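S.K.: For reference, the file data-v8.pdb (PDB, C-alpha atoms and all ligand atoms) is included below:
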ATOM      1  CA  MET A   1      10.591 -14.919  -1.762
ATOM      2  CA  HIS A   2       7.776 -12.726  -0.509
ATOM      3  CA  ASP A   3       6.168 -13.947   2.713
ATOM      4  CA  SER A   4       2.558 -12.717   2.578
ATOM      5  CA  VAL A   5       1.460 -10.828   5.677
ATOM      6  CA  LEU A   6      -1.845 -11.504   7.510
ATOM      7  CA  LEU A   7      -2.664 -14.038   4.822
ATOM      8  CA  THR A   8      -5.386 -16.124   6.492
ATOM      9  CA  GLU A   9      -6.829 -13.172   8.375
ATOM     10  CA  ALA A  10      -7.253 -11.085   5.210
ATOM     11  CA  ILE A  11      -8.646 -13.913   3.062
ATOM     12  CA  ASP A  12     -11.130 -15.005   5.754
ATOM     13  CA  ALA A  13     -12.225 -11.403   6.216
ATOM     14  CA  LEU A  14     -13.171 -11.098   2.542
ATOM     15  CA  ASN A  15     -16.035 -13.565   3.101
ATOM     16  CA  LEU A  16     -15.537 -15.134  -0.328
ATOM     17  CA  LYS A  17     -18.220 -17.318  -1.922
ATOM     18  CA  ASP A  18     -17.724 -19.944  -4.609
ATOM     19  CA  ASN A  19     -18.893 -17.470  -7.298
ATOM     20  CA  SER A  20     -17.461 -14.193  -5.930
ATOM     21  CA  ILE A  21     -15.976 -11.594  -8.250
ATOM     22  CA  ALA A  22     -12.783 -10.469  -6.481
ATOM     23  CA  VAL A  23     -10.145  -7.807  -7.055
ATOM     24  CA  ASP A  24      -6.592  -7.933  -5.713
ATOM     25  CA  MET A  25      -5.263  -4.384  -6.036
ATOM     26  CA  THR A  26      -1.708  -5.421  -5.124
ATOM     27  CA  LEU A  27      -0.995  -8.777  -6.733
ATOM     28  CA  GLY A  28       2.736  -8.869  -5.896
ATOM     29  CA  PHE A  29       3.884 -12.471  -5.822
ATOM     30  CA  ALA A  30       0.310 -13.767  -5.622
ATOM     31  CA  GLY A  31       0.366 -15.082  -2.052
ATOM     32  CA  HIS A  32      -3.078 -13.610  -1.337
ATOM     33  CA  SER A  33      -4.352 -14.006  -4.902
ATOM     34  CA  SER A  34      -3.581 -17.747  -4.891
ATOM     35  CA  GLN A  35      -5.740 -18.223  -1.809
ATOM     36  CA  ILE A  36      -8.514 -16.074  -3.276
ATOM     37  CA  LEU A  37      -8.523 -18.052  -6.506
ATOM     38  CA  LYS A  38      -8.759 -21.354  -4.623
ATOM     39  CA  ARG A  39     -11.874 -20.135  -2.809
ATOM     40  CA  ILE A  40     -13.755 -18.799  -5.833
ATOM     41  CA  LYS A  41     -13.877 -21.828  -8.114
ATOM     42  CA  ASN A  42     -16.818 -20.467 -10.104
ATOM     43  CA  GLY A  43     -15.986 -16.813  -9.620
ATOM     44  CA  TYR A  44     -13.369 -14.545 -11.171
ATOM     45  CA  LEU A  45     -10.303 -12.634  -9.984
ATOM     46  CA  PHE A  46      -8.930  -9.373 -11.401
ATOM     47  CA  ALA A  47      -5.430  -8.687 -10.090
ATOM     48  CA  PHE A  48      -3.582  -5.384 -10.467
ATOM     49  CA  ASP A  49       0.095  -4.515 -10.120
ATOM     50  CA  GLN A  50       2.397  -1.987 -11.704
ATOM     51  CA  ASP A  51       5.499  -4.122 -11.428
ATOM     52  CA  GLU A  52       6.266  -6.094 -14.597
ATOM     53  CA  GLU A  53       8.244  -8.788 -12.830
ATOM     54  CA  ALA A  54       5.540  -9.435 -10.239
ATOM     55  CA  LEU A  55       2.903  -9.674 -13.001
ATOM     56  CA  LYS A  56       4.940 -12.094 -15.074
ATOM     57  CA  PHE A  57       5.731 -14.383 -12.153
ATOM     58  CA  SER A  58       2.213 -14.340 -10.699
ATOM     59  CA  LYS A  59       0.458 -15.022 -13.992
ATOM     60  CA  VAL A  60       2.280 -18.351 -14.232
ATOM     61  CA  LYS A  61       1.678 -19.118 -10.548
ATOM     62  CA  LEU A  62      -2.077 -18.407 -10.726
ATOM     63  CA  SER A  63      -2.579 -20.325 -13.973
ATOM     64  CA  LYS A  64      -1.584 -23.494 -12.095
ATOM     65  CA  ILE A  65      -4.652 -22.999  -9.879
ATOM     66  CA  SER A  66      -7.376 -21.928 -12.314
ATOM     67  CA  ASP A  67      -8.088 -19.986 -15.507
ATOM     68  CA  ASN A  68     -10.629 -17.710 -13.833
ATOM     69  CA  PHE A  69      -8.390 -14.692 -13.492
ATOM     70  CA  GLN A  70      -6.839 -11.816 -15.352
ATOM     71  CA  VAL A  71      -3.736  -9.851 -14.330
ATOM     72  CA  ILE A  72      -3.791  -6.161 -15.188
ATOM     73  CA  ASP A  73      -0.643  -4.093 -15.603
ATOM     74  CA  SER A  74      -1.775  -0.822 -14.058
ATOM     75  CA  ASN A  75      -1.573   1.394 -11.024
ATOM     76  CA  PHE A  76      -4.634   0.527  -8.924
ATOM     77  CA  VAL A  77      -5.664   4.168  -9.027
ATOM     78  CA  TYR A  78      -7.100   3.337 -12.492
ATOM     79  CA  ALA A  79      -8.805   0.090 -11.380
ATOM     80  CA  LYS A  80     -12.361   1.403 -11.654
ATOM     81  CA  GLU A  81     -11.857   2.567 -15.265
ATOM     82  CA  LYS A  82      -9.975  -0.597 -16.216
ATOM     83  CA  LEU A  83     -12.733  -2.812 -14.777
ATOM     84  CA  LYS A  84     -15.394  -0.750 -16.554
ATOM     85  CA  GLU A  85     -13.597  -1.298 -19.863
ATOM     86  CA  LEU A  86     -13.911  -5.026 -19.122
ATOM     87  CA  GLY A  87     -17.646  -4.657 -18.448
ATOM     88  CA  ILE A  88     -17.318  -4.937 -14.642
ATOM     89  CA  GLU A  89     -19.199  -2.317 -12.612
ATOM     90  CA  LYS A  90     -19.666  -4.189  -9.288
ATOM     91  CA  VAL A  91     -17.544  -6.708  -7.368
ATOM     92  CA  ASP A  92     -17.799  -8.758  -4.141
ATOM     93  CA  ALA A  93     -14.343  -8.482  -2.602
ATOM     94  CA  ILE A  94     -11.393  -6.094  -2.853
ATOM     95  CA  LEU A  95      -8.001  -6.562  -1.226
ATOM     96  CA  TYR A  96      -5.102  -4.132  -0.756
ATOM     97  CA  ASP A  97      -1.773  -5.329   0.660
ATOM     98  CA  LEU A  98       0.054  -2.037   0.384
ATOM     99  CA  GLY A  99       3.662  -1.052  -0.044
ATOM    100  CA  VAL A 100       6.506  -2.908  -1.661
ATOM    101  CA  SER A 101       7.096  -6.641  -1.777
ATOM    102  CA  SER A 102      10.175  -8.274  -0.232
ATOM    103  CA  PRO A 103      11.690  -8.997  -3.681
ATOM    104  CA  GLN A 104      11.306  -5.315  -4.603
ATOM    105  CA  LEU A 105      13.118  -4.353  -1.399
ATOM    106  CA  ASP A 106      15.837  -6.905  -2.012
ATOM    107  CA  GLU A 107      16.477  -6.122  -5.666
ATOM    108  CA  ASP A 108      19.359  -3.801  -5.061
ATOM    109  CA  TYR A 109      19.051  -1.972  -8.395
ATOM    110  CA  ARG A 110      15.611  -0.556  -7.510
ATOM    111  CA  GLY A 111      16.935   1.653  -4.742
ATOM    112  CA  PHE A 112      14.162   0.976  -2.189
ATOM    113  CA  SER A 113      16.532  -0.175   0.515
ATOM    114  CA  TYR A 114      18.978   1.821   2.616
ATOM    115  CA  ARG A 115      20.895  -1.393   3.264
ATOM    116  CA  PHE A 116      22.575  -1.813  -0.124
ATOM    117  CA  ASP A 117      24.133   0.579  -2.562
ATOM    118  CA  ALA A 118      21.996   1.258  -5.641
ATOM    119  CA  PRO A 119      20.951   4.117  -7.906
ATOM    120  CA  LEU A 120      18.369   6.308  -6.128
ATOM    121  CA  ASP A 121      15.227   5.195  -7.946
ATOM    122  CA  MET A 122      12.275   3.839  -5.830
ATOM    123  CA  ARG A 123       9.723   3.731  -8.667
ATOM    124  CA  MET A 124       7.302   0.817  -8.379
ATOM    125  CA  ASP A 125       6.308   1.524 -11.975
ATOM    126  CA  LYS A 126       9.517   1.645 -13.986
ATOM    127  CA  ASN A 127       7.865   4.045 -16.458
ATOM    128  CA  GLY A 128       7.089   6.574 -13.708
ATOM    129  CA  LYS A 129       8.548  10.068 -14.237
ATOM    130  CA  ILE A 130       9.748  10.920 -10.727
ATOM    131  CA  THR A 131      12.696   9.115  -9.139
ATOM    132  CA  ALA A 132      14.210   9.555  -5.696
ATOM    133  CA  LYS A 133      17.313  10.942  -7.448
ATOM    134  CA  LEU A 134      15.265  13.694  -9.079
ATOM    135  CA  ILE A 135      13.713  14.632  -5.733
ATOM    136  CA  VAL A 136      16.934  14.867  -3.713
ATOM    137  CA  ASN A 137      18.750  16.783  -6.449
ATOM    138  CA  THR A 138      16.042  19.256  -7.497
ATOM    139  CA  TYR A 139      13.471  19.825  -4.730
ATOM    140  CA  SER A 140      13.899  23.011  -2.702
ATOM    141  CA  TYR A 141      15.005  22.922   0.937
ATOM    142  CA  GLU A 142      11.407  23.729   1.990
ATOM    143  CA  ASP A 143       9.904  20.916  -0.077
ATOM    144  CA  LEU A 144      12.454  18.370   1.130
ATOM    145  CA  LYS A 145      11.837  19.398   4.732
ATOM    146  CA  ARG A 146       8.056  19.111   4.213
ATOM    147  CA  ILE A 147       8.115  15.619   2.735
ATOM    148  CA  PHE A 148      10.592  14.323   5.334
ATOM    149  CA  LYS A 149       8.362  15.716   8.082
ATOM    150  CA  GLU A 150       4.968  14.770   6.643
ATOM    151  CA  TYR A 151       5.745  11.451   4.993
ATOM    152  CA  GLY A 152       8.683  10.326   7.146
ATOM    153  CA  GLU A 153       7.540  11.878  10.443
ATOM    154  CA  SER A 154      11.239  12.646  10.945
ATOM    155  CA  LYS A 155      12.317  14.961  13.771
ATOM    156  CA  ALA A 156      15.543  15.684  11.894
ATOM    157  CA  ALA A 157      13.689  16.730   8.688
ATOM    158  CA  ALA A 158      15.157  20.265   8.646
ATOM    159  CA  SER A 159      18.781  19.311   9.269
ATOM    160  CA  ILE A 160      18.660  16.436   6.767
ATOM    161  CA  ALA A 161      17.125  18.719   4.097
ATOM    162  CA  ARG A 162      19.812  21.321   4.839
ATOM    163  CA  ASN A 163      22.636  18.782   4.493
ATOM    164  CA  ILE A 164      21.234  17.499   1.203
ATOM    165  CA  VAL A 165      21.071  20.991  -0.268
ATOM    166  CA  LYS A 166      24.631  21.740   0.910
ATOM    167  CA  TYR A 167      26.043  18.471  -0.444
ATOM    168  CA  ARG A 168      24.481  18.832  -3.896
ATOM    169  CA  GLU A 169      26.095  22.266  -4.397
ATOM    170  CA  ASN A 170      29.294  20.302  -5.080
ATOM    171  CA  LYS A 171      28.087  16.981  -6.391
ATOM    172  CA  GLU A 172      24.919  15.323  -7.646
ATOM    173  CA  ILE A 173      23.570  12.688  -5.229
ATOM    174  CA  ILE A 174      23.438   9.425  -7.150
ATOM    175  CA  THR A 175      23.306   6.378  -4.905
ATOM    176  CA  THR A 176      21.375   5.163  -1.876
ATOM    177  CA  LEU A 177      24.446   4.837   0.350
ATOM    178  CA  GLU A 178      25.608   8.328  -0.605
ATOM    179  CA  LEU A 179      22.247   9.574   0.660
ATOM    180  CA  VAL A 180      22.484   7.397   3.787
ATOM    181  CA  ASP A 181      25.819   9.083   4.638
ATOM    182  CA  ILE A 182      24.310  12.551   4.173
ATOM    183  CA  ILE A 183      21.368  11.586   6.411
ATOM    184  CA  LYS A 184      23.712  10.183   9.074
ATOM    185  CA  SER A 185      25.773  13.353   9.079
ATOM    186  CA  ALA A 186      22.626  15.326   9.980
ATOM    187  CA  VAL A 187      21.523  13.142  12.901
ATOM    188  CA  PRO A 188      23.257  13.127  16.306
ATOM    189  CA  TYR A 189      25.023   9.856  17.199
ATOM    190  CA  LYS A 190      22.745   9.082  20.165
ATOM    191  CA  GLU A 191      19.660   9.272  17.915
ATOM    192  CA  ARG A 192      21.345   7.251  15.193
ATOM    193  CA  ILE A 193      21.996   4.240  17.421
ATOM    194  CA  LYS A 194      18.336   4.075  18.531
ATOM    195  CA  LYS A 195      17.042   3.476  15.039
ATOM    196  CA  HIS A 196      18.441   3.684  11.524
ATOM    197  CA  PRO A 197      17.979   7.356  10.602
ATOM    198  CA  ALA A 198      17.480   6.572   6.912
ATOM    199  CA  LYS A 199      14.362   4.448   7.493
ATOM    200  CA  GLN A 200      11.950   7.375   7.760
ATOM    201  CA  ILE A 201      13.615   9.376   4.994
ATOM    202  CA  PHE A 202      13.501   6.437   2.568
ATOM    203  CA  GLN A 203       9.823   5.932   3.460
ATOM    204  CA  ALA A 204       9.162   9.617   2.738
ATOM    205  CA  LEU A 205      10.931   9.486  -0.626
ATOM    206  CA  ARG A 206       9.096   6.324  -1.653
ATOM    207  CA  ILE A 207       5.724   7.894  -0.813
ATOM    208  CA  GLU A 208       6.600  11.011  -2.823
ATOM    209  CA  VAL A 209       8.010   9.069  -5.822
ATOM    210  CA  ASN A 210       4.904   6.878  -6.094
ATOM    211  CA  ASP A 211       2.380   9.466  -4.815
ATOM    212  CA  GLU A 212       1.232   6.674  -2.520
ATOM    213  CA  LEU A 213      -1.093   8.542  -0.160
ATOM    214  CA  ASN A 214      -3.096  10.373  -2.853
ATOM    215  CA  VAL A 215      -3.370   7.191  -4.886
ATOM    216  CA  LEU A 216      -4.716   5.333  -1.848
ATOM    217  CA  LYS A 217      -7.295   8.044  -1.019
ATOM    218  CA  LYS A 218      -8.713   8.137  -4.528
ATOM    219  CA  SER A 219      -8.682   4.378  -4.910
ATOM    220  CA  LEU A 220     -10.528   3.760  -1.621
ATOM    221  CA  ASP A 221     -13.371   6.036  -2.774
ATOM    222  CA  ASP A 222     -13.562   4.158  -6.071
ATOM    223  CA  SER A 223     -13.503   0.795  -4.318
ATOM    224  CA  LEU A 224     -16.380   1.737  -1.993
ATOM    225  CA  SER A 225     -18.442   2.574  -5.078
ATOM    226  CA  LEU A 226     -17.571  -0.761  -6.721
ATOM    227  CA  LEU A 227     -18.948  -3.032  -3.980
ATOM    228  CA  ASN A 228     -22.069  -5.155  -4.270
ATOM    229  CA  ILE A 229     -24.242  -5.391  -1.159
ATOM    230  CA  GLY A 230     -22.537  -7.884   1.160
ATOM    231  CA  GLY A 231     -19.220  -7.132  -0.551
ATOM    232  CA  ARG A 232     -16.107  -6.373   1.486
ATOM    233  CA  ILE A 233     -12.870  -4.398   1.262
ATOM    234  CA  ALA A 234      -9.829  -5.537   3.271
ATOM    235  CA  VAL A 235      -6.766  -3.300   3.529
ATOM    236  CA  ILE A 236      -3.371  -4.204   4.979
ATOM    237  CA  THR A 237      -1.223  -1.135   5.729
ATOM    238  CA  PHE A 238       2.402  -0.907   6.844
ATOM    239  CA  HIS A 239       2.738   2.534   8.408
ATOM    240  CA  SER A 240       0.644   4.974  10.375
ATOM    241  CA  LEU A 241       0.098   7.444   7.508
ATOM    242  CA  GLU A 242      -1.565   4.797   5.341
ATOM    243  CA  ASP A 243      -3.449   3.341   8.268
ATOM    244  CA  LYS A 244      -4.845   6.753   9.231
ATOM    245  CA  ILE A 245      -6.242   7.235   5.717
ATOM    246  CA  VAL A 246      -7.993   3.861   5.769
ATOM    247  CA  LYS A 247      -9.250   4.253   9.343
ATOM    248  CA  HIS A 248     -10.717   7.719   8.716
ATOM    249  CA  LYS A 249     -12.354   6.778   5.427
ATOM    250  CA  PHE A 250     -13.932   3.667   6.947
ATOM    251  CA  LEU A 251     -15.183   5.647   9.972
ATOM    252  CA  GLU A 252     -16.577   8.411   7.750
ATOM    253  CA  VAL A 253     -18.724   6.035   5.683
ATOM    254  CA  THR A 254     -19.950   3.894   8.605
ATOM    255  CA  LYS A 255     -21.028   6.605  11.034
ATOM    256  CA  ILE A 256     -24.568   7.759  11.705
ATOM    257  CA  ASP A 257     -24.753  11.562  11.475
ATOM    258  CA  ASP A 258     -25.129  13.501  14.734
ATOM    259  CA  LEU A 259     -28.701  14.696  14.016
ATOM    260  CA  SER A 260     -30.023  11.194  13.319
ATOM    261  CA  LYS A 261     -28.215   9.662  16.301
ATOM    262  CA  GLY A 262     -30.704  11.220  18.750
ATOM    263  CA  LEU A 263     -33.817   9.888  16.968
ATOM    264  CA  PRO A 264     -35.740   6.951  18.534
ATOM    265  CA  ASN A 265     -36.025   5.280  15.122
ATOM    266  CA  ILE A 266     -33.414   6.216  12.579
ATOM    267  CA  PRO A 267     -34.974   6.458   9.102
ATOM    268  CA  GLU A 268     -33.596   3.909   6.624
ATOM    269  CA  ASP A 269     -32.127   6.605   4.372
ATOM    270  CA  LYS A 270     -30.090   8.017   7.293
ATOM    271  CA  LEU A 271     -28.451   4.695   8.084
ATOM    272  CA  PRO A 272     -24.932   4.275   6.710
ATOM    273  CA  ASN A 273     -24.349   2.129   3.621
ATOM    274  CA  PHE A 274     -21.335   0.410   5.176
ATOM    275  CA  LYS A 275     -20.529  -1.492   8.364
ATOM    276  CA  LEU A 276     -17.129  -1.798  10.034
ATOM    277  CA  ILE A 277     -16.083  -5.432  10.343
ATOM    278  CA  THR A 278     -12.922  -4.611  12.302
ATOM    279  CA  LYS A 279     -13.633  -2.111  15.092
ATOM    280  CA  LYS A 280      -9.905  -2.098  15.841
ATOM    281  CA  GLY A 281      -7.238  -2.895  13.295
ATOM    282  CA  ILE A 282      -6.161  -6.555  13.297
ATOM    283  CA  LYS A 283      -2.466  -7.199  13.994
ATOM    284  CA  ALA A 284      -0.368 -10.238  13.135
ATOM    285  CA  SER A 285      -0.307 -13.209  15.535
ATOM    286  CA  ASP A 286       2.744 -13.907  17.736
ATOM    287  CA  GLU A 287       3.530 -16.891  15.539
ATOM    288  CA  GLU A 288       3.581 -14.718  12.412
ATOM    289  CA  LEU A 289       5.612 -11.981  14.152
ATOM    290  CA  ALA A 290       8.253 -14.542  15.083
ATOM    291  CA  ARG A 291       8.473 -15.735  11.472
ATOM    292  CA  ASN A 292       8.129 -12.520   9.470
ATOM    293  CA  ASN A 293       9.702  -9.236  10.469
ATOM    294  CA  ARG A 294       7.564  -7.214   8.002
ATOM    295  CA  ALA A 295       4.423  -8.249   9.902
ATOM    296  CA  HIS A 296       5.297  -6.045  12.902
ATOM    297  CA  SER A 297       4.019  -2.862  11.297
ATOM    298  CA  ALA A 298       1.007  -4.424   9.538
ATOM    299  CA  THR A 299      -2.623  -3.549  10.331
ATOM    300  CA  LEU A 300      -5.702  -5.052   8.648
ATOM    301  CA  ARG A 301      -8.997  -3.146   8.403
ATOM    302  CA  VAL A 302     -12.191  -4.449   6.836
ATOM    303  CA  ILE A 303     -15.500  -2.897   5.813
ATOM    304  CA  GLU A 304     -18.742  -4.312   4.327
ATOM    305  CA  LYS A 305     -21.403  -2.727   2.137
ATOM    306  CA  ILE A 306     -24.755  -3.374   3.821
ATOM    307  CA  LYS A 307     -27.256  -1.439   1.686
TER     308      LYS A 307
HETATM  309  C1  LIG B 401       3.189  -6.024  -0.348
HETATM  310  S1  LIG B 401       3.202  -6.409  -2.023
HETATM  311  C2  LIG B 401       1.844  -7.493  -2.249
HETATM  312  C3  LIG B 401       2.156  -8.888  -1.923
HETATM  313  C4  LIG B 401       1.050  -9.893  -2.253
HETATM  314  N1  LIG B 401      -0.141  -9.646  -1.487
HETATM  315  C5  LIG B 401       1.545 -11.306  -2.036
HETATM  316  O1  LIG B 401       1.008 -11.990  -1.159
HETATM  317  O2  LIG B 401       2.474 -11.724  -2.748
HETATM  318  C6  LIG B 401       2.586  -4.965  -2.758
HETATM  319  C7  LIG B 401       2.526  -5.013  -4.270
HETATM  320  O3  LIG B 401       1.655  -3.984  -4.678
HETATM  321  C8  LIG B 401       2.189  -3.294  -5.750
HETATM  322  N2  LIG B 401       1.656  -1.927  -5.666
HETATM  323  C9  LIG B 401       1.854  -1.030  -4.679
HETATM  324  N3  LIG B 401       1.192   0.111  -4.943
HETATM  325  C10 LIG B 401       0.555  -0.087  -6.132
HETATM  326  C11 LIG B 401      -0.290   0.722  -6.949
HETATM  327  N4  LIG B 401      -0.606   1.972  -6.598
HETATM  328  N5  LIG B 401      -0.779   0.198  -8.082
HETATM  329  C12 LIG B 401      -0.463  -1.075  -8.461
HETATM  330  N6  LIG B 401       0.340  -1.885  -7.737
HETATM  331  C13 LIG B 401       0.843  -1.394  -6.586
HETATM  332  C14 LIG B 401       3.682  -3.391  -5.610
HETATM  333  O4  LIG B 401       4.293  -3.301  -6.880
HETATM  334  C15 LIG B 401       3.846  -4.776  -4.963
HETATM  335  O5  LIG B 401       4.066  -5.760  -5.943
END
Give the structure from the file, written as structure tokens.

M.R.:
Amino acid sequence: MHDSVLLTEAIDALNLKDNSIAVDMTLGFAGHSSQILKRIKNGYLFAFDQDEEALKFSKVKLSKISDNFQVIDSNFVYAKEKLKELGIEKVDAILYDLGVSSPQLDEDYRGFSYRFDAPLDMRMDKNGKITAKLIVNTYSYEDLKRIFKEYGESKAAASIARNIVKYRENKEIITTLELVDIIKSAVPYKERIKKHPAKQIFQALRIEVNDELNVLKKSLDDSLSLLNIGGRIAVITFHSLEDKIVKHKFLEVTKIDDLSKGLPNIPEDKLPNFKLITKKGIKASDEELARNNRAHSATLRVIEKIK
């Protein structure tokens, strides 16, 4: 089962009131949503996910706590429109716990993991058009190299892309372990024993399949515009590319512009609309790190709308 990361830290940071309207952008197996629902007895929770199984499971789980919630089967990139259709234009708390859940990683048929053999898929939304198989079999050498470098931050991006293109001249690449072997053949042994060479490449493919970074950028802008005064957004990220996007966006909307900074009294309209609640990202406690391996790469950042 999924072990929710930074659970107490994220829920406390949302500053929930009894009547808060909250949004969980990444419902998953409802670890965070359950805690939210318990704290907003007279409020309401809207919870998004694009994974049918997670939605089905979590709907039952949440209904044992309260009826004040709705699960919404959608990519969170459409959350603002979906909420508007439901008559909701402002909310008090928004949570993102990004990435895939442990059950998604462990379901071998979904192809997220380089540890078991499975068809190369990696779609969080099973109706999505792009699969990892399509990418490795049709993208050009240049495009493969670019995504491995940008999204996987892999030093071996060029040689792995080259080996993929060479391999597929003879045979279509179909399974995860077939790809793992191709990746291994492109990485020198002494690099391979330091860390599993497929980790970064699988991360890169997953980001490309689900367009994860663009989706996050657009959604953060929408979420900032959805907050009531006093409302908060909490984001848990699992790798540096996601964390950089959140960090930069939060800094951009909380900074005082250079011209105003020098003034003795900064006019009200020059003050930022948001305040950083976490100056530095919050990391998991030692106790959580000992219990949950996924927590090692997690960072929590929080922002509040102040005017
Ligand atoms: C790390 S899990 C969330 C776990 C959850 N907080 C819990 O405690 O059980 C991330 C979930 O977000 C979903 N997800 C990721 N990106 C999404 C997106 N763009 N739109 C909708 N759901 C998304 C995944 O399908 C997955 O179920």

S.K.: Restrict the calculation to all atoms listed in the file, then for each residue of chain A with any atom at most 7 Å from an atom of ligand LIG 401 (chain B) give the closest atom pair and their distance in Å to one decimal, rows by chain and rising residue number, as CSV.

M.R.:
residue,atom,partner,partner_atom,distance
A:His2,CA,B:LIG401,O2,5.8
A:Asp3,CA,B:LIG401,O1,6.7
A:Ser4,CA,B:LIG401,O1,4.1
A:Val5,CA,B:LIG401,O1,6.9
A:Met25,CA,B:LIG401,C12,6.3
A:Thr26,CA,B:LIG401,O3,3.7
A:Leu27,CA,B:LIG401,C4,5.0
A:Gly28,CA,B:LIG401,O5,3.4
A:Phe29,CA,B:LIG401,O2,3.5
A:Ala30,CA,B:LIG401,O2,4.1
A:Gly31,CA,B:LIG401,O1,3.3
A:His32,CA,B:LIG401,O1,4.4
A:Ser33,CA,B:LIG401,O1,6.8
A:Phe48,CA,B:LIG401,C12,5.7
A:Asp49,CA,B:LIG401,N6,3.6
A:Gln50,CA,B:LIG401,C12,4.4
A:Asp51,CA,B:LIG401,O4,4.8
A:Ala54,CA,B:LIG401,O5,5.8
A:Ser74,CA,B:LIG401,C12,5.8
A:Asn75,CA,B:LIG401,N5,3.3
A:Phe76,CA,B:LIG401,N5,4.0
A:Val77,CA,B:LIG401,N4,6.0
A:Asp97,CA,B:LIG401,N1,5.1
A:Leu98,CA,B:LIG401,C6,5.0
A:Gly99,CA,B:LIG401,C6,4.9
A:Val100,CA,B:LIG401,C6,4.6
A:Ser101,CA,B:LIG401,S1,3.9
A:Met124,CA,B:LIG401,O4,5.3
A:Glu212,CA,B:LIG401,N4,6.5
A:Val215,CA,B:LIG401,N4,6.1

S.K.: Take the PyMOL selection byres (((chain A and resi 46) around 8) and not hetatm), apply it to the structure above, and return the hits as a PyMOL selection string.

M.R.: chain A and resi 22-24+44-45+47-48+69-72

S.K.: Kindly resolve the PyMOL selection byres (((chain A and resi 186-199) around 9) and not hetatm) on the present coordinates and return the residues as a ChimeraX atom specification.

M.R.: /A:113-114,152,154,156,159-163,179-185,200-204

S.K.: Mind checking which residues fall within 10 Å of Leu120 of chain A, counting all atoms listed in the file, ignoring those fewer than 4 positions away in the same chain, and posting them as a PyMOL selection string?

M.R.: chain A and resi 109-114+131-136+173-179+202+205

S.K.: Take the residues just selected and output them with C-alpha atoms as a PDB file, keeping the file's coordinate frame.

M.R.:
ATOM      1  CA  TYR A 109      19.051  -1.972  -8.395  1.00  0.00           C
ATOM      2  CA  ARG A 110      15.611  -0.556  -7.510  1.00  0.00           C
ATOM      3  CA  GLY A 111      16.935   1.653  -4.742  1.00  0.00           C
ATOM      4  CA  PHE A 112      14.162   0.976  -2.189  1.00  0.00           C
ATOM      5  CA  SER A 113      16.532  -0.175   0.515  1.00  0.00           C
ATOM      6  CA  TYR A 114      18.978   1.821   2.616  1.00  0.00           C
ATOM      7  CA  THR A 131      12.696   9.115  -9.139  1.00  0.00           C
ATOM      8  CA  ALA A 132      14.210   9.555  -5.696  1.00  0.00           C
ATOM      9  CA  LYS A 133      17.313  10.942  -7.448  1.00  0.00           C
ATOM     10  CA  LEU A 134      15.265  13.694  -9.079  1.00  0.00           C
ATOM     11  CA  ILE A 135      13.713  14.632  -5.733  1.00  0.00           C
ATOM     12  CA  VAL A 136      16.934  14.867  -3.713  1.00  0.00           C
ATOM     13  CA  ILE A 173      23.570  12.688  -5.229  1.00  0.00           C
ATOM     14  CA  ILE A 174      23.438   9.425  -7.150  1.00  0.00           C
ATOM     15  CA  THR A 175      23.306   6.378  -4.905  1.00  0.00           C
ATOM     16  CA  THR A 176      21.375   5.163  -1.876  1.00  0.00           C
ATOM     17  CA  LEU A 177      24.446   4.837   0.350  1.00  0.00           C
ATOM     18  CA  GLU A 178      25.608   8.328  -0.605  1.00  0.00           C
ATOM     19  CA  LEU A 179      22.247   9.574   0.660  1.00  0.00           C
ATOM     20  CA  PHE A 202      13.501   6.437   2.568  1.00  0.00           C
ATOM     21  CA  LEU A 205      10.931   9.486  -0.626  1.00  0.00           C
TER      22      LEU A 205
END

S.K.: Suppose a student applies the PyMOL selection byres (((chain A and resi 11) around 12) and not hetatm) to this structure; what residues should they get, written as a ChimeraX atom specification?

M.R.: /A:4-10,12-17,22-24,31-40,93-97,232-236,300,302

S.K.: Between atom CA of Glu252 of chain A and atom CA of Thr237 of chain A, what is the spacing in Å?

M.R.: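 Between atom CA of Thr237 of chain A and atom CA of Glu252 of chain A the gap is 18.2 Å.
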
S.K.: Can you measure atom CA of Ile229 of chain A to atom CA of Ile303 of chain A for me? One decimal in Å is fine.

M.R.: 11.5 Å

S.K.: Check the smallest atom-to-atom distance from each of A:Leu144, A:Ala157, A:Val91, A:Ala284 to Ala79 of chain A using only C-alpha atoms, then report the winner.

M.R.: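 Among the listed residues, A:Val91 lies closest to Ala79 of chain A.
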
S.K.: I'd like the interatomic distance between atom CA of Phe250 of chain A and atom CA of Ile277 of chain A, to a tenth of an Å.

M.R.: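 Answer for the atom CA of Phe250 of chain A to atom CA of Ile277 of chain A separation: 9.9 Å.
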
S.K.: From the list A:Ala158, A:Leu86, A:Ile207, A:Val165, which residue is nearest Met122 of chain A when using only C-alpha atoms?

M.R.: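 For Met122 of chain A, the nearest of the candidates is A:Ile207.
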
S.K.: Smallest atom-to-atom distance to Gly231 of chain A: which of A:Ala118, A:Ile21, A:Leu55, A:Ala295, using all atoms listed in the file?

M.R.: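 Closest to Gly231 of chain A of all the choices is A:Ile21.
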
S.K.: If we count all atoms listed in the file, what is near Val253 of chain A at a cut-off of 9 Å, once residues fewer than 3 positions away on the same chain are taken out, given as a PyMOL selection string?

M.R.: chain A and resi 248-250+256+272-275

S.K.: Nearest residue to Asp67 of chain A out of A:Glu172, A:Lys41, A:Asn210, A:Ile306, using only C-alpha atoms?

M.R.: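 The answer is A:Lys41, which sits nearest to Asp67 of chain A.
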
S.K.: So which one's closest to Glu150 of chain A, A:Leu241, A:Lys217, A:Arg301, A:Val246? Using only C-alpha atoms, please.

M.R.: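 Under the stated criterion, the closest residue is A:Leu241.
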